[in-house]
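Below is run.cif, which holds mmCIF, C-alpha atoms.
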data_protein
loop_
_atom_site.label_atom_id
_atom_site.label_comp_id
_atom_site.auth_asym_id
_atom_site.auth_seq_id
_atom_site.Cartn_x
_atom_site.Cartn_y
_atom_site.Cartn_z
CA MET E 1 -19.83 -6.60 24.40
CA ILE E 2 -17.01 -6.28 26.87
CA ASN E 3 -17.96 -5.15 30.33
CA PRO E 4 -16.21 -5.05 32.70
CA VAL E 5 -12.88 -4.36 31.06
CA ARG E 6 -9.96 -5.92 32.89
CA PHE E 7 -6.40 -4.63 32.62
CA ARG E 8 -3.29 -4.04 34.69
CA ILE E 9 -2.48 -0.53 35.78
CA ASN E 10 0.65 0.39 37.70
CA GLY E 11 1.14 -3.26 38.62
CA ALA E 12 -2.39 -4.03 39.87
CA TRP E 13 -5.23 -5.69 37.96
CA VAL E 14 -8.45 -3.67 37.83
CA SER E 15 -11.92 -4.36 36.44
CA VAL E 16 -13.80 -1.28 35.34
CA HIS E 17 -17.55 -1.31 34.75
CA VAL E 18 -17.76 1.44 32.16
CA ASP E 19 -18.72 1.81 28.53
CA PRO E 20 -15.87 0.19 26.56
CA LEU E 21 -15.76 3.21 24.26
CA MET E 22 -14.93 5.54 27.15
CA ARG E 23 -11.53 7.05 26.48
CA ALA E 24 -8.70 5.56 28.52
CA VAL E 25 -7.70 9.04 29.73
CA ASP E 26 -11.17 9.55 31.23
CA VAL E 27 -11.10 6.14 32.89
CA PHE E 28 -7.70 6.86 34.44
CA ARG E 29 -8.67 10.30 35.68
CA ASP E 30 -12.38 10.01 36.51
CA THR E 31 -12.94 6.33 37.30
CA LEU E 32 -9.59 5.45 38.85
CA GLY E 33 -8.69 8.88 40.25
CA LEU E 34 -5.26 8.89 38.58
CA THR E 35 -5.12 12.55 37.64
CA GLY E 36 -1.39 12.62 36.85
CA THR E 37 -2.33 11.86 33.25
CA LYS E 38 -3.42 15.17 31.69
CA GLU E 39 -5.60 15.97 28.75
CA GLY E 40 -4.45 18.72 26.44
CA CYS E 41 -5.79 18.53 22.91
CA GLY E 42 -7.83 15.31 23.03
CA GLU E 43 -6.75 14.40 19.52
CA GLY E 44 -3.30 12.87 19.82
CA GLU E 45 -1.33 15.99 18.97
CA CYS E 46 0.02 17.21 22.31
CA GLY E 47 1.13 14.13 24.25
CA ALA E 48 -0.10 15.38 27.65
CA CYS E 49 -2.14 12.18 28.06
CA SER E 50 0.81 9.88 27.27
CA VAL E 51 1.03 6.62 29.19
CA LEU E 52 3.01 3.43 28.65
CA LEU E 53 1.02 0.56 27.16
CA ASP E 54 2.91 -2.73 27.28
CA GLY E 55 6.02 -0.58 27.70
CA ARG E 56 5.37 1.68 24.74
CA LEU E 57 4.32 5.31 24.66
CA VAL E 58 0.71 5.90 23.56
CA ASN E 59 -1.85 8.73 23.69
CA SER E 60 -4.55 7.67 26.13
CA CYS E 61 -7.06 10.09 24.58
CA LEU E 62 -7.05 7.92 21.42
CA ILE E 63 -7.72 4.59 23.13
CA PRO E 64 -11.18 3.28 23.95
CA VAL E 65 -10.83 1.50 27.28
CA GLY E 66 -12.15 -1.73 25.73
CA ALA E 67 -8.90 -1.97 23.78
CA LEU E 68 -6.98 -2.18 27.08
CA GLU E 69 -8.47 -5.62 27.88
CA GLY E 70 -5.68 -7.83 29.24
CA ARG E 71 -2.98 -5.24 28.72
CA ASP E 72 -0.45 -3.48 30.94
CA VAL E 73 -0.62 0.27 31.57
CA VAL E 74 1.83 2.46 33.46
CA THR E 75 0.83 6.02 34.27
CA ILE E 76 3.03 8.63 35.90
CA GLU E 77 1.69 7.49 39.31
CA GLY E 78 3.17 4.04 38.76
CA TYR E 79 6.34 5.34 37.16
CA ARG E 80 7.09 7.65 40.08
CA LYS E 81 7.82 4.63 42.29
CA THR E 82 10.86 3.73 40.19
CA ALA E 83 14.54 4.67 40.48
CA ARG E 84 14.43 5.79 36.85
CA TYR E 85 11.75 8.32 37.72
CA ALA E 86 13.82 9.60 40.64
CA LEU E 87 16.77 10.27 38.36
CA LEU E 88 14.65 11.87 35.62
CA LYS E 89 12.95 14.07 38.21
CA GLU E 90 16.31 15.28 39.47
CA CYS E 91 17.51 15.98 35.92
CA PHE E 92 14.29 17.82 35.00
CA SER E 93 14.63 19.98 38.13
CA GLU E 94 18.29 20.77 37.55
CA ALA E 95 17.76 21.66 33.89
CA GLY E 96 14.77 23.90 34.68
CA ALA E 97 12.67 21.69 32.43
CA VAL E 98 9.44 22.18 34.37
CA GLN E 99 7.37 25.33 34.53
CA CYS E 100 3.61 24.82 34.71
CA GLY E 101 4.10 21.05 34.75
CA PHE E 102 1.15 20.13 32.56
CA CYS E 103 3.27 18.44 29.89
CA THR E 104 5.74 16.94 32.38
CA PRO E 105 4.13 13.53 33.04
CA GLY E 106 3.94 12.92 29.30
CA MET E 107 7.48 14.21 28.74
CA MET E 108 8.87 11.92 31.44
CA LEU E 109 7.08 8.87 30.07
CA ALA E 110 8.26 9.75 26.55
CA ALA E 111 11.80 9.92 27.95
CA GLU E 112 11.32 6.52 29.61
CA ALA E 113 9.97 5.00 26.38
CA LEU E 114 13.10 6.22 24.59
CA LEU E 115 15.69 5.28 27.21
CA SER E 116 14.20 1.81 27.67
CA VAL E 117 15.06 0.96 24.05
CA ASN E 118 17.99 3.35 23.53
CA PRO E 119 19.90 4.07 26.77
CA HIS E 120 22.47 6.28 25.02
CA PRO E 121 20.54 8.48 22.59
CA ASP E 122 22.02 11.42 20.74
CA GLU E 123 20.23 14.75 20.77
CA ALA E 124 18.40 14.02 17.50
CA ALA E 125 17.00 10.81 18.97
CA VAL E 126 15.83 12.65 22.10
CA ARG E 127 14.12 15.34 20.03
CA GLU E 128 12.45 12.68 17.89
CA ALA E 129 11.27 10.79 20.99
CA LEU E 130 9.74 13.97 22.43
CA SER E 131 8.35 15.18 19.09
CA GLY E 132 4.77 14.25 19.93
CA ASN E 133 4.81 16.10 23.25
CA LEU E 134 4.11 19.82 23.29
CA CYS E 135 5.40 22.19 25.96
CA ARG E 136 4.11 25.75 25.97
CA CYS E 137 6.25 27.11 28.83
CA THR E 138 9.94 26.29 28.80
CA GLY E 139 10.53 25.49 25.17
CA TYR E 140 12.26 22.25 24.43
CA SER E 141 15.96 22.84 24.99
CA ALA E 142 15.76 22.45 28.77
CA ILE E 143 13.70 19.28 28.46
CA VAL E 144 16.07 17.80 25.90
CA ALA E 145 19.02 18.69 28.14
CA ALA E 146 17.29 16.98 31.10
CA VAL E 147 16.79 13.74 29.16
CA MET E 148 20.37 13.82 27.81
CA SER E 149 21.65 14.35 31.35
CA ALA E 150 19.56 11.42 32.67
CA ALA E 151 20.97 9.23 29.89
CA ARG E 152 24.53 10.26 30.78
CA SER E 153 24.21 9.72 34.50
CA GLY E 154 21.81 6.78 34.37
CA GLY E 155 24.48 4.08 34.15
CA GLY E 156 22.76 0.72 34.57
CA LEU E 157 19.31 2.16 35.19
CA TRP E 158 18.28 1.76 31.56
CA MET A 1 -26.69 2.46 22.48
CA VAL A 2 -23.70 1.51 20.41
CA ARG A 3 -22.33 -1.95 21.14
CA VAL A 4 -18.65 -2.82 21.24
CA TYR A 5 -17.30 -6.21 20.25
CA ARG A 6 -13.88 -7.62 20.96
CA PRO A 7 -13.62 -10.95 19.09
CA GLU A 8 -11.01 -13.54 20.06
CA SER A 9 -10.14 -14.49 16.47
CA LEU A 10 -10.40 -13.22 12.92
CA ASP A 11 -13.05 -15.87 12.17
CA GLU A 12 -15.14 -14.61 15.07
CA ALA A 13 -14.64 -11.02 13.87
CA LEU A 14 -15.81 -11.93 10.36
CA ALA A 15 -18.82 -13.80 11.73
CA LEU A 16 -19.78 -10.79 13.84
CA LEU A 17 -19.35 -8.48 10.89
CA SER A 18 -21.29 -10.64 8.47
CA GLY A 19 -24.44 -8.85 7.33
CA LYS A 20 -23.85 -5.89 9.64
CA GLU A 21 -22.42 -2.45 9.29
CA MET A 22 -19.86 -1.72 11.97
CA ALA A 23 -16.99 0.64 12.56
CA VAL A 24 -13.92 -1.58 12.42
CA MET A 25 -11.28 -0.15 14.76
CA ALA A 26 -7.62 -1.17 14.78
CA GLY A 27 -5.44 1.55 16.36
CA GLY A 28 -8.18 4.15 16.77
CA THR A 29 -5.95 7.13 15.97
CA ASP A 30 -8.32 8.36 13.24
CA LEU A 31 -11.68 7.03 14.43
CA MET A 32 -11.32 8.29 18.00
CA VAL A 33 -10.56 11.79 16.71
CA LYS A 34 -13.41 11.71 14.18
CA CYS A 35 -15.88 10.62 16.87
CA ARG A 36 -14.41 12.81 19.58
CA ALA A 37 -16.98 14.50 21.80
CA GLY A 38 -14.76 16.34 24.28
CA ALA A 39 -13.13 15.71 27.66
CA GLY A 40 -15.02 13.32 29.93
CA THR A 41 -17.56 12.57 27.20
CA LEU A 42 -18.14 9.30 25.41
CA PRO A 43 -16.98 9.39 21.77
CA SER A 44 -20.04 9.58 19.52
CA PHE A 45 -19.92 6.47 17.34
CA LYS A 46 -22.95 6.03 15.09
CA LYS A 47 -22.43 2.32 14.45
CA ASP A 48 -21.48 -0.65 16.59
CA VAL A 49 -17.73 -0.93 17.00
CA LEU A 50 -15.62 -4.00 16.22
CA LEU A 51 -12.20 -3.92 17.90
CA VAL A 52 -9.62 -5.78 15.79
CA GLY A 53 -6.31 -4.21 16.86
CA HIS A 54 -5.44 -7.18 19.09
CA LEU A 55 -6.05 -9.96 16.53
CA ILE A 56 -2.80 -11.81 15.81
CA GLU A 57 -4.11 -12.95 12.42
CA LEU A 58 -3.98 -9.29 11.38
CA LYS A 59 -0.51 -8.59 12.71
CA GLY A 60 3.06 -9.21 11.71
CA VAL A 61 5.63 -8.52 9.03
CA SER A 62 7.35 -11.09 6.84
CA GLN A 63 9.29 -11.19 3.61
CA LYS A 64 9.76 -14.05 1.20
CA GLY A 65 11.13 -13.98 -2.33
CA GLY A 66 11.01 -10.19 -2.54
CA ILE A 67 7.37 -10.02 -1.43
CA LEU A 68 6.73 -8.12 1.76
CA ARG A 69 3.59 -8.97 3.74
CA ILE A 70 2.34 -6.66 6.46
CA GLY A 71 -0.72 -7.56 8.53
CA ALA A 72 -3.35 -4.83 8.39
CA ALA A 73 -3.36 -4.27 12.16
CA THR A 74 0.43 -4.03 12.40
CA CYS A 75 1.24 -0.71 14.04
CA MET A 76 3.58 1.72 12.31
CA GLU A 77 6.30 1.27 14.94
CA ASP A 78 6.38 -2.50 14.38
CA ILE A 79 7.00 -1.85 10.67
CA LEU A 80 9.90 0.42 11.61
CA ARG A 81 11.35 -2.21 13.96
CA SER A 82 11.20 -5.05 11.41
CA VAL A 83 14.42 -6.19 9.74
CA ASP A 84 12.37 -7.45 6.78
CA VAL A 85 11.31 -3.96 5.72
CA PRO A 86 13.61 -1.96 3.39
CA GLU A 87 14.36 1.67 4.13
CA TYR A 88 12.32 2.92 1.17
CA VAL A 89 9.21 1.42 2.78
CA LYS A 90 10.10 2.60 6.28
CA GLY A 91 10.90 6.18 5.21
CA PRO A 92 7.35 7.54 4.87
CA VAL A 93 6.17 5.45 7.84
CA ARG A 94 8.77 7.13 10.04
CA GLN A 95 7.22 10.51 9.25
CA ILE A 96 3.70 9.51 10.28
CA GLY A 97 2.37 11.12 13.45
CA SER A 98 4.59 10.93 16.51
CA PRO A 99 6.20 7.99 18.36
CA ALA A 100 3.04 7.58 20.49
CA VAL A 101 0.76 7.69 17.44
CA ARG A 102 2.98 5.20 15.58
CA ASN A 103 2.59 2.75 18.49
CA LEU A 104 -1.18 2.80 17.96
CA GLY A 105 -1.87 3.65 14.31
CA THR A 106 -1.84 0.75 11.87
CA LEU A 107 -0.99 0.41 8.18
CA GLY A 108 -4.43 -1.06 7.48
CA GLY A 109 -6.09 1.85 9.26
CA ASN A 110 -4.15 4.37 7.21
CA ILE A 111 -5.32 2.60 4.04
CA CYS A 112 -8.99 2.12 4.99
CA ASN A 113 -9.19 5.72 6.18
CA ALA A 114 -8.44 6.63 2.55
CA SER A 115 -7.39 10.19 3.23
CA PRO A 116 -5.94 11.99 0.19
CA ALA A 117 -3.13 12.92 2.58
CA GLY A 118 -2.63 9.40 3.98
CA ASP A 119 1.10 9.20 4.60
CA SER A 120 1.67 5.56 3.68
CA LEU A 121 -0.38 5.76 0.49
CA THR A 122 2.09 7.37 -1.92
CA MET A 123 4.58 4.61 -1.09
CA LEU A 124 1.94 1.89 -1.47
CA TYR A 125 0.77 3.27 -4.84
CA ALA A 126 4.33 3.57 -6.12
CA LEU A 127 5.11 -0.02 -5.13
CA ASP A 128 1.88 -1.45 -6.61
CA ALA A 129 0.73 -2.80 -3.24
CA VAL A 130 -1.98 -5.45 -3.30
CA LEU A 131 -4.50 -5.80 -0.49
CA GLU A 132 -5.82 -9.08 0.84
CA ILE A 133 -9.42 -8.74 1.97
CA ALA A 134 -11.24 -11.30 4.09
CA SER A 135 -14.92 -11.93 4.72
CA ALA A 136 -16.75 -14.88 6.31
CA GLY A 137 -15.71 -17.89 4.23
CA ALA A 138 -14.15 -15.89 1.41
CA SER A 139 -11.19 -13.79 0.46
CA ARG A 140 -10.22 -11.58 -2.45
CA SER A 141 -7.38 -9.29 -3.38
CA CYS A 142 -7.43 -5.83 -4.79
CA ARG A 143 -4.85 -3.32 -5.98
CA ILE A 144 -4.40 -0.27 -3.77
CA GLY A 145 -5.51 2.08 -6.55
CA GLU A 146 -8.78 0.18 -6.93
CA PHE A 147 -9.33 -0.08 -3.20
CA ILE A 148 -9.34 3.65 -2.55
CA ALA A 149 -12.39 5.21 -4.15
CA GLY A 150 -12.13 8.85 -3.08
CA PRO A 151 -11.52 11.05 -0.05
CA GLY A 152 -12.44 8.91 2.97
CA ARG A 153 -14.00 6.22 0.78
CA ASN A 154 -12.80 2.68 0.19
CA THR A 155 -14.36 -0.22 -1.67
CA LEU A 156 -14.73 -2.63 1.24
CA SER A 157 -18.13 -4.29 1.08
CA GLU A 158 -20.28 -5.19 4.04
CA GLY A 159 -18.71 -8.01 6.03
CA GLU A 160 -15.18 -7.42 4.71
CA ILE A 161 -12.00 -6.68 6.62
CA LEU A 162 -8.65 -5.65 5.20
CA LYS A 163 -6.37 -8.48 6.27
CA CYS A 164 -2.94 -7.99 4.78
CA VAL A 165 -0.90 -5.60 2.65
CA ILE A 166 1.34 -7.23 0.07
CA ILE A 167 4.22 -5.14 -1.27
CA PRO A 168 6.41 -6.41 -4.12
CA LEU A 169 9.93 -5.13 -3.44
CA GLY A 170 12.39 -4.09 -6.13
CA ALA A 171 16.02 -3.20 -6.74
CA PHE A 172 16.03 0.55 -6.19
CA ASN A 173 19.06 2.67 -5.44
CA ARG A 174 17.30 6.04 -5.26
CA TYR A 175 14.64 6.75 -2.71
CA PHE A 176 13.14 10.20 -2.28
CA TYR A 177 10.34 11.27 0.03
CA ARG A 178 9.23 14.73 1.03
CA LYS A 179 6.25 15.76 3.12
CA ALA A 180 5.32 19.39 3.61
CA GLY A 181 3.37 20.02 6.80
CA LEU A 182 3.03 22.52 9.63
CA ARG A 183 5.32 20.72 12.06
CA ARG A 184 7.71 17.79 11.85
CA ALA A 185 5.58 15.51 14.04
CA ASN A 186 1.84 14.95 13.92
CA ALA A 187 1.31 17.05 10.80
CA ILE A 188 -1.15 16.12 8.11
CA ALA A 189 0.56 16.61 4.76
CA LYS A 190 -0.16 19.69 2.66
CA VAL A 191 1.70 17.96 -0.16
CA SER A 192 3.81 14.83 -0.25
CA PHE A 193 5.92 13.20 -2.94
CA TYR A 194 7.35 9.70 -3.07
CA GLY A 195 9.84 8.64 -5.70
CA LEU A 196 11.93 5.57 -6.40
CA ALA A 197 14.25 4.51 -9.20
CA TYR A 198 17.19 2.34 -10.10
CA VAL A 199 19.81 4.66 -11.54
CA GLU A 200 22.72 3.48 -13.65
CA ASN A 201 25.13 5.88 -15.38
CA GLY A 202 22.82 8.81 -14.74
CA LYS A 203 19.88 7.06 -16.35
CA PRO A 204 16.82 6.08 -14.29
CA HIS A 205 15.14 2.71 -14.70
CA ASP A 206 11.89 1.52 -13.16
CA ALA A 207 11.07 5.02 -11.90
CA ARG A 208 8.05 5.29 -9.62
CA MET A 209 6.42 8.57 -8.59
CA ALA A 210 3.38 9.34 -6.49
CA LEU A 211 2.00 12.62 -5.19
CA GLY A 212 -0.19 12.92 -2.09
CA ALA A 213 -2.74 15.55 -0.95
CA VAL A 214 -2.94 17.16 -4.41
CA ALA A 215 -6.04 15.32 -5.71
CA PRO A 216 -8.98 13.29 -4.32
CA THR A 217 -6.70 10.23 -4.28
CA VAL A 218 -2.96 9.69 -4.67
CA VAL A 219 -1.68 10.70 -8.11
CA ARG A 220 0.53 8.28 -9.98
CA SER A 221 1.23 8.48 -13.69
CA ARG A 222 2.84 5.48 -15.35
CA LYS A 223 3.21 7.49 -18.53
CA ALA A 224 5.23 10.13 -16.68
CA GLU A 225 7.41 7.38 -15.23
CA GLU A 226 8.07 5.94 -18.70
CA LEU A 227 8.86 9.37 -20.11
CA LEU A 228 11.32 9.98 -17.28
CA CYS A 229 13.08 6.66 -17.97
CA ASP A 230 13.22 7.57 -21.68
CA GLY A 231 14.96 10.82 -20.82
CA SER A 232 12.02 13.07 -21.76
CA LEU A 233 12.21 15.09 -18.57
CA VAL A 234 10.12 18.06 -19.67
CA CYS A 235 7.30 15.84 -20.92
CA ALA A 236 7.50 13.64 -17.83
CA ARG A 237 7.21 16.67 -15.57
CA GLN A 238 4.29 18.06 -17.54
CA GLU A 239 2.54 14.70 -17.61
CA LEU A 240 2.80 14.14 -13.87
CA LEU A 241 1.92 17.68 -12.78
CA SER A 242 -1.10 17.84 -15.08
CA SER A 243 -2.60 14.90 -13.19
CA MET A 244 -2.86 17.04 -10.06
CA ALA A 245 -6.09 18.73 -8.97
CA PRO A 246 -5.14 20.46 -5.72
CA ILE A 247 -7.71 22.43 -3.72
CA ASP A 248 -7.82 25.23 -1.16
CA ASP A 249 -8.66 23.87 2.29
CA VAL A 250 -7.90 24.40 5.98
CA ARG A 251 -4.37 23.12 5.57
CA SER A 252 -3.15 24.88 2.47
CA THR A 253 -4.01 26.52 -0.83
CA ARG A 254 -4.15 25.24 -4.37
CA GLY A 255 -1.35 27.58 -5.43
CA TYR A 256 1.01 26.60 -2.63
CA ARG A 257 0.40 22.92 -3.26
CA MET A 258 1.18 23.34 -6.99
CA VAL A 259 4.45 25.13 -6.35
CA VAL A 260 5.64 22.75 -3.65
CA ALA A 261 4.72 19.69 -5.73
CA GLU A 262 6.66 21.12 -8.69
CA ASN A 263 9.69 21.70 -6.50
CA MET A 264 9.57 18.18 -5.11
CA VAL A 265 9.28 16.66 -8.57
CA ASP A 266 12.20 18.76 -9.83
CA ARG A 267 14.33 17.68 -6.88
CA PHE A 268 13.58 14.02 -7.60
CA PHE A 269 14.40 14.43 -11.30
CA LYS A 270 17.74 15.95 -10.35
CA GLU A 271 18.54 13.03 -8.04
CA VAL A 272 17.73 10.36 -10.59
CA THR A 273 19.54 11.96 -13.50
CA ALA A 274 22.79 12.57 -11.60
CA ASP A 275 25.50 9.89 -11.65
#

Encoded form (structure tokens):
Amino acid sequence: MINPVRFRINGAWVSVHVDPLMRAVDVFRDTLGLTGTKEGCGEGECGACSVLLDGRLVNSCLIPVGALEGRDVVTIEGYRKTARYALLKECFSEAGAVQCGFCTPGMMLAAEALLSVNPHPDEAAVREALSGNLCRCTGYSAIVAAVMSAARSGGGLW
Amino acid sequence: MVRVYRPESLDEALALLSGKEMAVMAGGTDLMVKCRAGAGTLPSFKKDVLLVGHLIELKGVSQKGGILRIGAATCMEDILRSVDVPEYVKGPVRQIGSPAVRNLGTLGGNICNASPAGDSLTMLYALDAVLEIASAGASRSCRIGEFIAGPGRNTLSEGEILKCVIIPLGAFNRYFYRKAGLRRANAIAKVSFYGLAYVENGKPHDARMALGAVAPTVVRSRKAEELLCDGSLVCARQELLSSMAPIDDVRSTRGYRMVVAENMVDRFFKEVTAD
């Protein structure tokens, strides 16, 4: 039985004394107070709960916190301290890619997961990278345009 | 209360599992949804849980002498990133879930879950994949078609873990895969079809065909494949389609599944009989 579970989140190691089956999204939001991660569907279909796990995009509603033992998590709260975030934020604003904002943390982390392995994606690659993230306000064109624009102007950042 | 175990090695995992019934969890993308209890609520697992997704003995992709080996807890994305995996194996994997789901979901999980709509299964049936199964102090292997017993049922015995998926590769120059679902990402297939062949002068050799989500388990007909290679297209079509037993369910209807499966088969026949 693993308790506490120890992992790194946004650069700092934490030990959480919770049931290891508790969903990571609940631990982030309720135990650690990191409410930037949203829950939409709770079954891996909407991407609102996306975080980076060891640098890769994952749905935190599908992960029991016990599986985070020893691993590295970045939520939108950690990502917002980076220059990459600052540029993406500007591009999202300029493209009108944010309306209610519920999908935005997941969209931005999905964009980061893409650009970190493919700094110069074409539109098809951007759409594929965002395909697990649902937006119910703006539609996708503005979001895709924002990510393309970040890729174009992000020389050296990714 | 359900207990959760996170062993440090495969041996420790097998010792823990010996003589006990546990839910073995690799990526969690199916189990966490099945046991979902809502926001802020603990998932409702009925059995103790054994976490195996981190075990290196269950991970990795390698190829030697035309035999591809994929560790059961290798996530879908790692299969896509491997240079050892040919495109006709990657193709169906690329259409599973979404990028985030493919970073969690594992090939072994997709197999053990044994869904009639399991996206990797048509490919694994068509390629005659063999599964390596470990238990404390023993191991055995089993063909994919014998491993999957029915919808959601596999033939793992108590104490056993799926360790590795072995895929014999071949010389194919036609690869065809279609999946019909509600959306491009994260859709569970209404119907899927996987086909392979080596085509020379408009004549297919070593044709492989498998249909998903149209019967309790994946449908593959070796007789239909032989008929296709012999040029008996009408008989081959009839033989394959008569093995289907599609149903009406939340995702689709029997009629729709029949028509779409027929169309996919016809498309494949056209591709393997053209020069």

For chain E, list the residues within 8 Å of chain A, counting only C-alpha atoms, and write the list as a list of chain:residue names.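 Result, ordered by chain then number: E:Met1, E:Ile2, E:Pro20, E:Leu21, E:Met22, E:Arg23, E:Asp26, E:Asp30, E:Glu39, E:Gly42, E:Glu43, E:Gly44, E:Glu45, E:Gly47, E:Ser50, E:Arg56, E:Leu57, E:Val58, E:Asn59, E:Leu62, E:Ile63, E:Pro64, E:Gly66, E:Ala67, E:Glu128, E:Ala129, E:Ser131, E:Gly132.
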
Please produce an output containing C-alpha atoms for each residue in the selection, written as a short mmCIF file (atom, residue, chain, number, x, y, z; two decimals), in the coordinates of the input.
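File written: out31.cif
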data_model
loop_
_atom_site.label_atom_id
_atom_site.label_comp_id
_atom_site.auth_asym_id
_atom_site.auth_seq_id
_atom_site.Cartn_x
_atom_site.Cartn_y
_atom_site.Cartn_z
CA MET E 1 -19.83 -6.60 24.40
CA ILE E 2 -17.01 -6.28 26.87
CA PRO E 20 -15.87 0.19 26.56
CA LEU E 21 -15.76 3.21 24.26
CA MET E 22 -14.93 5.54 27.15
CA ARG E 23 -11.53 7.05 26.48
CA ASP E 26 -11.17 9.55 31.23
CA ASP E 30 -12.38 10.01 36.51
CA GLU E 39 -5.60 15.97 28.75
CA GLY E 42 -7.83 15.31 23.03
CA GLU E 43 -6.75 14.40 19.52
CA GLY E 44 -3.30 12.87 19.82
CA GLU E 45 -1.33 15.99 18.97
CA GLY E 47 1.13 14.13 24.25
CA SER E 50 0.81 9.88 27.27
CA ARG E 56 5.37 1.68 24.74
CA LEU E 57 4.32 5.31 24.66
CA VAL E 58 0.71 5.90 23.56
CA ASN E 59 -1.85 8.73 23.69
CA LEU E 62 -7.05 7.92 21.42
CA ILE E 63 -7.72 4.59 23.13
CA PRO E 64 -11.18 3.28 23.95
CA GLY E 66 -12.15 -1.73 25.73
CA ALA E 67 -8.90 -1.97 23.78
CA GLU E 128 12.45 12.68 17.89
CA ALA E 129 11.27 10.79 20.99
CA SER E 131 8.35 15.18 19.09
CA GLY E 132 4.77 14.25 19.93
#

Please expand the PyMOL selection byres ((chain E and resi 115) around 12) into the concrete residues it hits in this file, giving the result as a ChimeraX atom specification. /E:55-57,84-85,88,108-114,116-122,125-126,129-130,147-152,154-158

What is the distance between CA of Ala207 in chain A and CA of Cys229 in chain A, in Å to one decimal?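 So the two atoms, CA of Ala207 in chain A and CA of Cys229 in chain A, lie 6.6 Å apart.
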
Any idea what's packed within 10 Å of Lys64 in chain A, counting all atoms listed in the file, ignoring anything in its chain fewer than 4 positions away? Could you give it as a PyMOL selection string? chain A and resi 68-69+84+168

Would you mind exporting C-alpha atoms of the selected residues as an mmCIF file, in the frame of the given file?
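Once everything was written out, this is out.cif:
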data_model
loop_
_atom_site.group_PDB
_atom_site.id
_atom_site.type_symbol
_atom_site.label_atom_id
_atom_site.label_comp_id
_atom_site.auth_asym_id
_atom_site.auth_seq_id
_atom_site.Cartn_x
_atom_site.Cartn_y
_atom_site.Cartn_z
ATOM 1 C CA LEU A 68 6.730 -8.120 1.760
ATOM 2 C CA ARG A 69 3.590 -8.970 3.740
ATOM 3 C CA ASP A 84 12.370 -7.450 6.780
ATOM 4 C CA PRO A 168 6.410 -6.410 -4.120
#

For the file shown, what are the residues hit by the PyMOL selection byres ((chain A and resi 15-18) around 9), laid out as a ChimeraX atom specification? /A:5,7,10-14,19-22,24,50,135-136,158-161

In Å, with one decimal, what is the gap from CA of Arg174 in chain A to CA of Ile79 in chain A? 20.5 Å

On this structure, the PyMOL selection byres ((chain A and resi 197) around 6) would catch which residues? List them as a ChimeraX atom specification, sorted by chain and number. /A:172,174,196,198,204-207

Leu228 in chain A environment, 10 Å, only C-alpha atoms, sequence neighbours closer than 2 positions dropped, as an mmCIF file with C-alpha atoms, in the frame of the given file:
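So the final result, stored in around-v9.cif, reads:
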data_model
loop_
_atom_site.group_PDB
_atom_site.id
_atom_site.type_symbol
_atom_site.label_atom_id
_atom_site.label_comp_id
_atom_site.auth_asym_id
_atom_site.auth_seq_id
_atom_site.Cartn_x
_atom_site.Cartn_y
_atom_site.Cartn_z
ATOM 1 C CA LYS A 203 19.880 7.060 -16.350
ATOM 2 C CA PRO A 204 16.820 6.080 -14.290
ATOM 3 C CA HIS A 205 15.140 2.710 -14.700
ATOM 4 C CA ASP A 206 11.890 1.520 -13.160
ATOM 5 C CA ALA A 207 11.070 5.020 -11.900
ATOM 6 C CA ARG A 208 8.050 5.290 -9.620
ATOM 7 C CA ARG A 222 2.840 5.480 -15.350
ATOM 8 C CA LYS A 223 3.210 7.490 -18.530
ATOM 9 C CA ALA A 224 5.230 10.130 -16.680
ATOM 10 C CA GLU A 225 7.410 7.380 -15.230
ATOM 11 C CA GLU A 226 8.070 5.940 -18.700
ATOM 12 C CA ASP A 230 13.220 7.570 -21.680
ATOM 13 C CA GLY A 231 14.960 10.820 -20.820
ATOM 14 C CA SER A 232 12.020 13.070 -21.760
ATOM 15 C CA LEU A 233 12.210 15.090 -18.570
ATOM 16 C CA VAL A 234 10.120 18.060 -19.670
ATOM 17 C CA CYS A 235 7.300 15.840 -20.920
ATOM 18 C CA ALA A 236 7.500 13.640 -17.830
ATOM 19 C CA ARG A 237 7.210 16.670 -15.570
ATOM 20 C CA GLU A 239 2.540 14.700 -17.610
ATOM 21 C CA PHE A 269 14.400 14.430 -11.300
ATOM 22 C CA VAL A 272 17.730 10.360 -10.590
ATOM 23 C CA THR A 273 19.540 11.960 -13.500
#

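Using all atoms listed in the file, the nearest neighbour of Asn10 in chain E within the list E:Val74, E:Cys100, E:Val27, E:Leu52 is E:Val74.
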
Point-to-point distance from CA of Gly66 in chain A to CA of Gly91 in chain A, Å rounded to tenths: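 Going from CA of Gly66 in chain A over to CA of Gly91 in chain A, I get 18.1 Å.
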
Residues within 10 Å of (5.8, 16.9, -8.8), file coords, only C-alpha atoms, listed as a PyMOL selection string: chain A and resi 191-195+209-212+214+219+236-244+257-269

Give me the residues within 6 Å of Ser60 in chain E as a PyMOL selection string, counting all atoms listed in the file and dropping any in the same chain fewer than 4 places off. chain E and resi 24-25+49-50

Residues at most 9 Å from Leu80 in chain A, counting only C-alpha atoms, excluding those fewer than 4 positions away in the same chain, as a PyMOL selection string? chain A and resi 76+85+87+89-91+93-94

Dump C-alpha atoms for the selected residues as an mmCIF file, in the coordinates of the input?
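Contents of out.cif, freshly written:
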data_model
loop_
_atom_site.group_PDB
_atom_site.id
_atom_site.type_symbol
_atom_site.label_atom_id
_atom_site.label_comp_id
_atom_site.auth_asym_id
_atom_site.auth_seq_id
_atom_site.Cartn_x
_atom_site.Cartn_y
_atom_site.Cartn_z
ATOM 1 C CA MET A 76 3.580 1.720 12.310
ATOM 2 C CA VAL A 85 11.310 -3.960 5.720
ATOM 3 C CA GLU A 87 14.360 1.670 4.130
ATOM 4 C CA VAL A 89 9.210 1.420 2.780
ATOM 5 C CA LYS A 90 10.100 2.600 6.280
ATOM 6 C CA GLY A 91 10.900 6.180 5.210
ATOM 7 C CA VAL A 93 6.170 5.450 7.840
ATOM 8 C CA ARG A 94 8.770 7.130 10.040
#
